[in-house]
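S.K.: Structure incoming, see below.
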Amino acid sequence: MRYDFDREIDRQGTDATKWEFIQREDTPLHLERTDRFYGEGRTLPMWVADMDFPCPQPVIEALAGRVARGVYGYTSPSEAYFQSVIDWMKRRQGWEPSAESICISPGVVPALCMLIQTFTRPGEGVLIQPPVYYPFAAAIERNGAQVVRNPLILEDDRSRMDFADLERKASHPQVRLAILCSPHNPVGRAWELDELCRFAEICRANDVLIISDEIHGDLIYPGHTFTPFAALGGALADQAVVCTAPSKTFNLAGLHISNIIVPDPGLRQQFQGTLLKNGLTGVNPISLVAVRAAYEQGEDWLGQVLDYLDGNLITLRQYLAQKMPQITLIEPEGTYLAWLDCRRLGLSRQELHDLMLNRARVYLDEGHIFGEQGEGFQRMNIACPRPLLAEALDRLRKAVDIL
């Protein structure tokens, strides 16, 4: 079937984080309810990383059928569930995890917290590459570890890893884990095989366990390729934990399910022990149904979404180049998140915040929350109807023009 992604879906009254809440300026992980995203003169929310598109029709129908059963008791995953995950990874990403390597968790961020609990002791270091998804740092700090920063280098409007700094940081005996964001949120890089190999070799040489967050791995733009960590093969791939989920791919984030793939039996046993300590022994029956339907029947929908996102990216790219050259698009290779360099506007952090939220009435994620390297940047979620994107750009241009 053909999907109409231009149609705006009314999410009012659904407790949607993106449309009914706003971040506290001092603590972005804390939310406050707001009504500013509805009604006349509304602000357009383009922050939280979920899509404003309906999920695949086969998923909707499978969920309706399961809900109609009327019984929602304790549930465990079937062999068919694991096979749907394996088949998807093999078909779409070119690797084949084993069923026994798949650990189910309520989400990637909860899994990161439990991985930190499992493989670090209080005070030990966990390495990240800012500007990066800000819950990484929060997960590290809240679980008693230390954040070790290996900042990315932005050159010619494209980010790259600083391997010399990585070697220095990884060699510290207190650094036990490294979290790789692949594809990277928010800079949009889809890391290439040689970059992943260098990263893995440095970590392995220093006995640093890698956690590869690949939640955006299915969302890649034409001309680019996603290389899963498993493509490294052998010991480099086996001594890593890969975090995957259907949530970004199929807009299922609210169903809270992820597949954490741990090839090494010893590491897997330790992680499973932490899952048990936290009482995570069951699975939401609704989530299981949604994942199977998405992976088994959602490929056509995903193809249409990827085409639509590419169209939105072209719209954004052309608009900035032709009408708002003061703002530079850092070209994403993957994800549906656009990293916008606003530094040429010459505004302070507070002035940039006021420009976006109050003058343009467009609510984006502020770059500084991803790390100090994001100062002067904004992250825009373009997984929205194109008319809404066009309206947001027009608003922003008018606000910039009167600076």
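Going by the structure tokens order, chains are called A, B, ..., each with residues numbered from 1, while ligands are numbered from 1 in the order shown.
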With only C-alpha atoms as the counted atoms, please give the residues lying no more than 12 Å from A:Glu192, apart from itself and same-chain residues fewer than 2 positions off, as a VMD selection string.
M.R.: chain A and resid 160 to 161 182 to 184 189 to 190 194 to 199 224 to 229 231 to 232 333
S.K.: Would you kindly return, as a ChimeraX atom specification, each protein, DNA or RNA residue with an atom no farther than 6 Å from any atom of stretch 256-267 of chain A, considering only C-alpha atoms and excluding same-chain residues fewer than 4 positions away?
M.R.: /A:101-107,238,241-245
S.K.: Leaving out stretch 39-41 of chain A and any residue of its chain fewer than 4 positions from it, which residues lie within 12 Å of it when counting only C-alpha atoms, given as a tab-separated table (two decimals) with C-alpha atoms, in the first residue's frame?
M.R.:
```tsv
chain	number	residue	atom	x	y	z
A	10	ASP	CA	-3.24	14.83	15.67
A	12	GLN	CA	-3.07	15.72	21.27
A	19	TRP	CA	3.89	17.09	21.38
A	34	THR	CA	3.07	22.24	27.87
A	35	ASP	CA	0.21	23.28	25.58
A	358	ASN	CA	10.07	32.34	20.91
A	359	ARG	CA	10.69	34.19	17.64
A	360	ALA	CA	10.53	31.38	15.07
A	361	ARG	CA	8.31	29.21	17.31
A	362	VAL	CA	10.21	26.09	16.29
A	395	ARG	CA	9.32	30.69	10.28
```
S.K.: Kindly indicate which residue among A:Thr27, A:Leu389, A:Arg349, A:Gln297 lies nearest to A:Arg317, using only C-alpha atoms for the distances.
M.R.: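 Nearest candidate to A:Arg317 out of A:Thr27, A:Leu389, A:Arg349, A:Gln297: A:Leu389.
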S.K.: Please run DSSP on the backbone and report, as a PDB file with N, CA and C atoms, in the first residue's frame, all residues within stretch 143-365 of chain A that come out as strand (DSSP E).
M.R.:
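Output contents, as saved in out-v9.pdb:
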```pdb
ATOM      1  N   GLN A 146      32.562   7.329  35.492  1.00  0.00           N
ATOM      2  CA  GLN A 146      33.071   8.623  35.072  1.00  0.00           C
ATOM      3  C   GLN A 146      32.977   8.757  33.559  1.00  0.00           C
ATOM      4  N   VAL A 147      32.534   9.917  33.091  1.00  0.00           N
ATOM      5  CA  VAL A 147      32.459  10.180  31.656  1.00  0.00           C
ATOM      6  C   VAL A 147      33.852  10.550  31.147  1.00  0.00           C
ATOM      7  N   VAL A 148      34.324   9.823  30.145  1.00  0.00           N
ATOM      8  CA  VAL A 148      35.594  10.120  29.485  1.00  0.00           C
ATOM      9  C   VAL A 148      35.259  10.542  28.062  1.00  0.00           C
ATOM     10  N   ARG A 149      35.654  11.755  27.686  1.00  0.00           N
ATOM     11  CA  ARG A 149      35.243  12.324  26.405  1.00  0.00           C
ATOM     12  C   ARG A 149      36.362  12.248  25.369  1.00  0.00           C
ATOM     13  N   ILE A 153      36.054  15.484  15.655  1.00  0.00           N
ATOM     14  CA  ILE A 153      36.644  16.656  15.014  1.00  0.00           C
ATOM     15  C   ILE A 153      35.802  17.001  13.799  1.00  0.00           C
ATOM     16  N   LEU A 154      35.352  18.259  13.724  1.00  0.00           N
ATOM     17  CA  LEU A 154      34.561  18.721  12.584  1.00  0.00           C
ATOM     18  C   LEU A 154      35.484  19.443  11.609  1.00  0.00           C
ATOM     19  N   GLU A 155      35.638  18.871  10.430  1.00  0.00           N
ATOM     20  CA  GLU A 155      36.471  19.453   9.381  1.00  0.00           C
ATOM     21  C   GLU A 155      35.702  19.475   8.077  1.00  0.00           C
ATOM     22  N   ARG A 158      32.228  17.965   8.089  1.00  0.00           N
ATOM     23  CA  ARG A 158      32.066  16.519   8.262  1.00  0.00           C
ATOM     24  C   ARG A 158      32.871  16.095   9.483  1.00  0.00           C
ATOM     25  N   SER A 159      32.270  15.284  10.326  1.00  0.00           N
ATOM     26  CA  SER A 159      32.930  14.865  11.561  1.00  0.00           C
ATOM     27  C   SER A 159      33.779  13.628  11.333  1.00  0.00           C
ATOM     28  N   ARG A 160      34.862  13.541  12.056  1.00  0.00           N
ATOM     29  CA  ARG A 160      35.720  12.359  12.042  1.00  0.00           C
ATOM     30  C   ARG A 160      36.181  12.073  13.463  1.00  0.00           C
ATOM     31  N   VAL A 175      39.630   3.219  32.318  1.00  0.00           N
ATOM     32  CA  VAL A 175      38.614   3.231  31.256  1.00  0.00           C
ATOM     33  C   VAL A 175      38.258   1.793  30.903  1.00  0.00           C
ATOM     34  N   ARG A 176      37.007   1.414  31.127  1.00  0.00           N
ATOM     35  CA  ARG A 176      36.577   0.021  30.958  1.00  0.00           C
ATOM     36  C   ARG A 176      35.645  -0.188  29.775  1.00  0.00           C
ATOM     37  N   LEU A 177      34.877   0.841  29.422  1.00  0.00           N
ATOM     38  CA  LEU A 177      33.890   0.727  28.354  1.00  0.00           C
ATOM     39  C   LEU A 177      34.022   1.895  27.384  1.00  0.00           C
ATOM     40  N   ALA A 178      33.598   1.662  26.137  1.00  0.00           N
ATOM     41  CA  ALA A 178      33.458   2.736  25.154  1.00  0.00           C
ATOM     42  C   ALA A 178      32.106   2.562  24.471  1.00  0.00           C
ATOM     43  N   ILE A 179      31.335   3.637  24.410  1.00  0.00           N
ATOM     44  CA  ILE A 179      30.035   3.588  23.736  1.00  0.00           C
ATOM     45  C   ILE A 179      30.187   4.232  22.370  1.00  0.00           C
ATOM     46  N   LEU A 180      29.968   3.445  21.336  1.00  0.00           N
ATOM     47  CA  LEU A 180      30.041   3.912  19.961  1.00  0.00           C
ATOM     48  C   LEU A 180      28.627   4.193  19.470  1.00  0.00           C
ATOM     49  N   CYS A 181      28.401   5.371  18.925  1.00  0.00           N
ATOM     50  CA  CYS A 181      27.102   5.720  18.364  1.00  0.00           C
ATOM     51  C   CYS A 181      27.204   5.563  16.846  1.00  0.00           C
ATOM     52  N   LEU A 209      35.913  -2.654  26.567  1.00  0.00           N
ATOM     53  CA  LEU A 209      34.756  -3.294  25.957  1.00  0.00           C
ATOM     54  C   LEU A 209      33.942  -2.257  25.184  1.00  0.00           C
ATOM     55  N   ILE A 210      33.543  -2.602  23.967  1.00  0.00           N
ATOM     56  CA  ILE A 210      32.780  -1.688  23.116  1.00  0.00           C
ATOM     57  C   ILE A 210      31.296  -2.023  23.173  1.00  0.00           C
ATOM     58  N   ILE A 211      30.492  -0.975  23.349  1.00  0.00           N
ATOM     59  CA  ILE A 211      29.044  -1.067  23.206  1.00  0.00           C
ATOM     60  C   ILE A 211      28.685  -0.257  21.977  1.00  0.00           C
ATOM     61  N   SER A 212      28.180  -0.904  20.951  1.00  0.00           N
ATOM     62  CA  SER A 212      27.844  -0.219  19.701  1.00  0.00           C
ATOM     63  C   SER A 212      26.341  -0.008  19.623  1.00  0.00           C
ATOM     64  N   ASP A 213      25.927   1.255  19.750  1.00  0.00           N
ATOM     65  CA  ASP A 213      24.511   1.603  19.666  1.00  0.00           C
ATOM     66  C   ASP A 213      24.159   1.793  18.191  1.00  0.00           C
ATOM     67  N   ALA A 240      32.267  -7.377  21.607  1.00  0.00           N
ATOM     68  CA  ALA A 240      31.478  -6.147  21.624  1.00  0.00           C
ATOM     69  C   ALA A 240      30.033  -6.493  21.914  1.00  0.00           C
ATOM     70  N   VAL A 241      29.293  -5.500  22.376  1.00  0.00           N
ATOM     71  CA  VAL A 241      27.855  -5.622  22.603  1.00  0.00           C
ATOM     72  C   VAL A 241      27.167  -4.691  21.617  1.00  0.00           C
ATOM     73  N   VAL A 242      26.204  -5.207  20.861  1.00  0.00           N
ATOM     74  CA  VAL A 242      25.517  -4.414  19.851  1.00  0.00           C
ATOM     75  C   VAL A 242      24.080  -4.162  20.299  1.00  0.00           C
ATOM     76  N   CYS A 243      23.713  -2.885  20.349  1.00  0.00           N
ATOM     77  CA  CYS A 243      22.364  -2.497  20.780  1.00  0.00           C
ATOM     78  C   CYS A 243      21.523  -2.166  19.556  1.00  0.00           C
ATOM     79  N   THR A 244      20.446  -2.898  19.379  1.00  0.00           N
ATOM     80  CA  THR A 244      19.540  -2.669  18.258  1.00  0.00           C
ATOM     81  C   THR A 244      18.111  -2.575  18.772  1.00  0.00           C
ATOM     82  N   SER A 258      13.929  -3.643  22.956  1.00  0.00           N
ATOM     83  CA  SER A 258      15.164  -3.607  22.178  1.00  0.00           C
ATOM     84  C   SER A 258      15.821  -4.972  22.237  1.00  0.00           C
ATOM     85  N   ASN A 259      16.693  -5.215  21.284  1.00  0.00           N
ATOM     86  CA  ASN A 259      17.422  -6.475  21.204  1.00  0.00           C
ATOM     87  C   ASN A 259      18.906  -6.188  21.361  1.00  0.00           C
ATOM     88  N   ILE A 260      19.458  -6.616  22.472  1.00  0.00           N
ATOM     89  CA  ILE A 260      20.861  -6.381  22.789  1.00  0.00           C
ATOM     90  C   ILE A 260      21.616  -7.656  22.442  1.00  0.00           C
ATOM     91  N   ILE A 261      22.525  -7.558  21.510  1.00  0.00           N
ATOM     92  CA  ILE A 261      23.183  -8.735  20.956  1.00  0.00           C
ATOM     93  C   ILE A 261      24.588  -8.855  21.539  1.00  0.00           C
ATOM     94  N   THR A 328      24.325  26.344   8.396  1.00  0.00           N
ATOM     95  CA  THR A 328      24.951  25.299   7.587  1.00  0.00           C
ATOM     96  C   THR A 328      24.434  23.930   7.991  1.00  0.00           C
ATOM     97  N   LEU A 329      24.012  23.164   7.018  1.00  0.00           N
ATOM     98  CA  LEU A 329      23.612  21.781   7.260  1.00  0.00           C
ATOM     99  C   LEU A 329      24.854  20.892   7.281  1.00  0.00           C
ATOM    100  N   ILE A 330      25.052  20.175   8.386  1.00  0.00           N
ATOM    101  CA  ILE A 330      26.077  19.138   8.435  1.00  0.00           C
ATOM    102  C   ILE A 330      25.428  17.892   7.837  1.00  0.00           C
ATOM    103  N   LEU A 337      17.834  12.923  11.697  1.00  0.00           N
ATOM    104  CA  LEU A 337      18.167  14.083  12.517  1.00  0.00           C
ATOM    105  C   LEU A 337      19.175  14.948  11.769  1.00  0.00           C
ATOM    106  N   ALA A 338      18.861  16.225  11.631  1.00  0.00           N
ATOM    107  CA  ALA A 338      19.733  17.155  10.921  1.00  0.00           C
ATOM    108  C   ALA A 338      20.486  18.010  11.933  1.00  0.00           C
ATOM    109  N   TRP A 339      21.797  18.064  11.793  1.00  0.00           N
ATOM    110  CA  TRP A 339      22.678  18.829  12.688  1.00  0.00           C
ATOM    111  C   TRP A 339      22.965  20.161  12.003  1.00  0.00           C
ATOM    112  N   LEU A 340      22.465  21.242  12.592  1.00  0.00           N
ATOM    113  CA  LEU A 340      22.526  22.565  11.984  1.00  0.00           C
ATOM    114  C   LEU A 340      23.543  23.437  12.698  1.00  0.00           C
ATOM    115  N   ASP A 341      24.501  23.948  11.935  1.00  0.00           N
ATOM    116  CA  ASP A 341      25.534  24.834  12.470  1.00  0.00           C
ATOM    117  C   ASP A 341      25.027  26.265  12.371  1.00  0.00           C
ATOM    118  N   VAL A 362       9.797  27.418  16.710  1.00  0.00           N
ATOM    119  CA  VAL A 362      10.206  26.089  16.286  1.00  0.00           C
ATOM    120  C   VAL A 362      11.039  25.504  17.417  1.00  0.00           C
ATOM    121  N   TYR A 363      10.653  24.349  17.916  1.00  0.00           N
ATOM    122  CA  TYR A 363      11.333  23.768  19.074  1.00  0.00           C
ATOM    123  C   TYR A 363      12.253  22.645  18.628  1.00  0.00           C
ATOM    124  N   ASP A 365      16.220  20.538  19.441  1.00  0.00           N
ATOM    125  CA  ASP A 365      17.154  20.199  20.521  1.00  0.00           C
ATOM    126  C   ASP A 365      18.369  21.107  20.417  1.00  0.00           C
TER     127      ASP A 365
END
```
S.K.: Which residues of stretch 260-364 of chain A sit at most 12 Å from stretch 89-95 of chain A, using only C-alpha atoms? Give each one's shortest atom pair and distance in Å (one decimal place), in chain and ascending residue order, as CSV.
M.R.:
```
residue,atom,partner,partner_atom,distance
A:Ile261,CA,A:Met89,CA,11.2
A:Tyr295,CA,A:Met89,CA,9.3
A:Glu296,CA,A:Arg91,CA,10.9
A:Gly298,CA,A:Arg92,CA,11.9
A:Glu299,CA,A:Arg92,CA,9.3
A:Leu302,CA,A:Arg92,CA,11.1
A:Gly303,CA,A:Arg92,CA,11.4
```
S.K.: Among stretch 241-309 of chain A, which residues carry a DSSP assignment of helix (DSSP H, G or I), reported as number ranges by chain?
M.R.: A: 247-250, 253-255, 265-277, 285-297, 299-309
S.K.: Would you mind exporting the chosen residues as a compact mmCIF listing (two decimals), in the first residue's frame, restricted to N, CA and C atoms?
M.R.:
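And here is the file that came out, selection.txt:
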```
# COMPACT_ATOMS: atom_id res chain seq x y z
N SER A 247 12.66 0.52 17.15
CA SER A 247 11.96 1.74 17.56
C SER A 247 12.15 2.91 16.60
N LYS A 248 13.38 3.20 16.18
CA LYS A 248 13.59 4.29 15.24
C LYS A 248 13.16 3.88 13.84
N THR A 249 13.47 2.65 13.47
CA THR A 249 13.18 2.17 12.13
C THR A 249 11.69 2.24 11.81
N PHE A 250 10.84 1.82 12.75
CA PHE A 250 9.41 1.66 12.48
C PHE A 250 8.54 2.56 13.35
N ALA A 253 8.95 3.51 19.32
CA ALA A 253 9.72 3.79 20.54
C ALA A 253 8.90 3.61 21.81
N GLY A 254 7.61 3.97 21.76
CA GLY A 254 6.79 3.90 22.96
C GLY A 254 6.48 2.48 23.41
N LEU A 255 6.80 1.48 22.60
CA LEU A 255 6.55 0.09 22.99
C LEU A 255 7.68 -0.49 23.83
N PRO A 265 29.76 -15.65 25.06
CA PRO A 265 28.94 -16.29 26.11
C PRO A 265 29.23 -15.78 27.51
N GLY A 266 30.49 -15.52 27.82
CA GLY A 266 30.83 -15.04 29.15
C GLY A 266 30.27 -13.67 29.43
N LEU A 267 30.41 -12.75 28.47
CA LEU A 267 29.85 -11.41 28.62
C LEU A 267 28.32 -11.49 28.70
N ARG A 268 27.75 -12.36 27.89
CA ARG A 268 26.28 -12.49 27.87
C ARG A 268 25.77 -13.00 29.21
N GLN A 269 26.45 -13.95 29.79
CA GLN A 269 26.02 -14.48 31.08
C GLN A 269 26.05 -13.39 32.15
N GLN A 270 27.07 -12.56 32.12
CA GLN A 270 27.15 -11.47 33.09
C GLN A 270 26.01 -10.48 32.89
N PHE A 271 25.74 -10.12 31.63
CA PHE A 271 24.67 -9.16 31.36
C PHE A 271 23.31 -9.75 31.73
N GLN A 272 23.09 -10.99 31.41
CA GLN A 272 21.83 -11.63 31.78
C GLN A 272 21.65 -11.67 33.29
N GLY A 273 22.74 -11.80 34.01
CA GLY A 273 22.66 -11.75 35.47
C GLY A 273 22.16 -10.40 35.95
N THR A 274 22.59 -9.33 35.29
CA THR A 274 22.12 -8.00 35.67
C THR A 274 20.65 -7.82 35.33
N LEU A 275 20.23 -8.35 34.19
CA LEU A 275 18.81 -8.31 33.85
C LEU A 275 17.98 -8.99 34.94
N LEU A 276 18.45 -10.13 35.41
CA LEU A 276 17.72 -10.84 36.47
C LEU A 276 17.71 -10.05 37.76
N LYS A 277 18.83 -9.43 38.10
CA LYS A 277 18.89 -8.62 39.32
C LYS A 277 17.88 -7.49 39.29
N PRO A 285 3.62 -8.39 25.81
CA PRO A 285 3.06 -9.15 24.68
C PRO A 285 2.77 -8.30 23.46
N ILE A 286 2.39 -7.04 23.70
CA ILE A 286 2.10 -6.14 22.59
C ILE A 286 3.38 -5.83 21.81
N SER A 287 4.47 -5.63 22.54
CA SER A 287 5.74 -5.31 21.89
C SER A 287 6.22 -6.46 21.03
N LEU A 288 6.11 -7.69 21.54
CA LEU A 288 6.54 -8.85 20.76
C LEU A 288 5.80 -8.93 19.42
N VAL A 289 4.51 -8.71 19.45
CA VAL A 289 3.71 -8.76 18.23
C VAL A 289 4.14 -7.67 17.25
N ALA A 290 4.38 -6.47 17.78
CA ALA A 290 4.77 -5.35 16.92
C ALA A 290 6.11 -5.60 16.24
N VAL A 291 7.07 -6.12 16.99
CA VAL A 291 8.40 -6.37 16.42
C VAL A 291 8.32 -7.39 15.29
N ARG A 292 7.62 -8.49 15.53
CA ARG A 292 7.52 -9.52 14.49
C ARG A 292 6.83 -8.96 13.24
N ALA A 293 5.75 -8.24 13.42
CA ALA A 293 5.03 -7.70 12.26
C ALA A 293 5.90 -6.70 11.50
N ALA A 294 6.65 -5.89 12.23
CA ALA A 294 7.51 -4.90 11.58
C ALA A 294 8.62 -5.56 10.79
N TYR A 295 9.33 -6.49 11.43
CA TYR A 295 10.45 -7.13 10.76
C TYR A 295 10.02 -8.08 9.64
N GLU A 296 8.84 -8.67 9.78
CA GLU A 296 8.39 -9.62 8.77
C GLU A 296 7.61 -8.97 7.63
N GLN A 297 6.94 -7.81 7.91
CA GLN A 297 6.06 -7.24 6.90
C GLN A 297 6.23 -5.73 6.71
N GLU A 299 8.92 -3.97 5.47
CA GLU A 299 10.00 -3.51 4.60
C GLU A 299 9.52 -2.52 3.53
N ASP A 300 8.33 -2.75 3.00
CA ASP A 300 7.80 -1.82 2.00
C ASP A 300 7.58 -0.44 2.60
N TRP A 301 7.00 -0.42 3.80
CA TRP A 301 6.80 0.86 4.51
C TRP A 301 8.12 1.57 4.72
N LEU A 302 9.15 0.85 5.15
CA LEU A 302 10.45 1.47 5.39
C LEU A 302 11.02 2.06 4.11
N GLY A 303 10.87 1.35 2.99
CA GLY A 303 11.34 1.90 1.73
C GLY A 303 10.69 3.23 1.40
N GLN A 304 9.38 3.32 1.65
CA GLN A 304 8.68 4.58 1.40
C GLN A 304 9.13 5.67 2.36
N VAL A 305 9.36 5.31 3.62
CA VAL A 305 9.84 6.30 4.59
C VAL A 305 11.21 6.83 4.19
N LEU A 306 12.11 5.94 3.78
CA LEU A 306 13.45 6.38 3.40
C LEU A 306 13.40 7.32 2.21
N ASP A 307 12.53 7.03 1.25
CA ASP A 307 12.37 7.95 0.11
C ASP A 307 11.85 9.30 0.57
N TYR A 308 10.90 9.28 1.49
CA TYR A 308 10.30 10.53 1.98
C TYR A 308 11.32 11.34 2.78
N LEU A 309 12.08 10.66 3.61
CA LEU A 309 13.11 11.35 4.38
C LEU A 309 14.15 11.98 3.47
```
S.K.: Could you tell me how far atom CA of A:Pro131 sits from atom CA of A:Pro186, in Å to one decimal place?
M.R.: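 Spanning atom CA of A:Pro186 to atom CA of A:Pro131 is a straight-line distance of 7.1 Å.
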S.K.: What is the atom CA of A:Gly374-atom CA of A:Ala164 distance in Å, reported with one decimal?
M.R.: 21.0 Å
S.K.: Which is closest to A:Leu320 among A:Ala80, A:Leu388, A:Leu63, A:Leu393, if we use only C-alpha atoms?
M.R.: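 Between A:Ala80, A:Leu388, A:Leu63, A:Leu393, the residue approaching A:Leu320 most closely is A:Leu393.
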S.K.: Considering only C-alpha atoms, can you say which of A:Asp15, A:Asp52, A:Asp401, A:Glu20 comes closest to A:Phe37?
M.R.: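 That would be A:Glu20, the residue with the smallest distance to A:Phe37.
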S.K.: Please, what distance in Å, to one decimal, runs between atom CA of A:Asp50 and atom CA of A:Ala383?
M.R.: 7.4 Å
S.K.: Quick one: of A:Ala230, A:Ile220, A:Ala145, A:Leu115, who's nearest to A:Ser98, counting only C-alpha atoms?
M.R.: A:Ala230
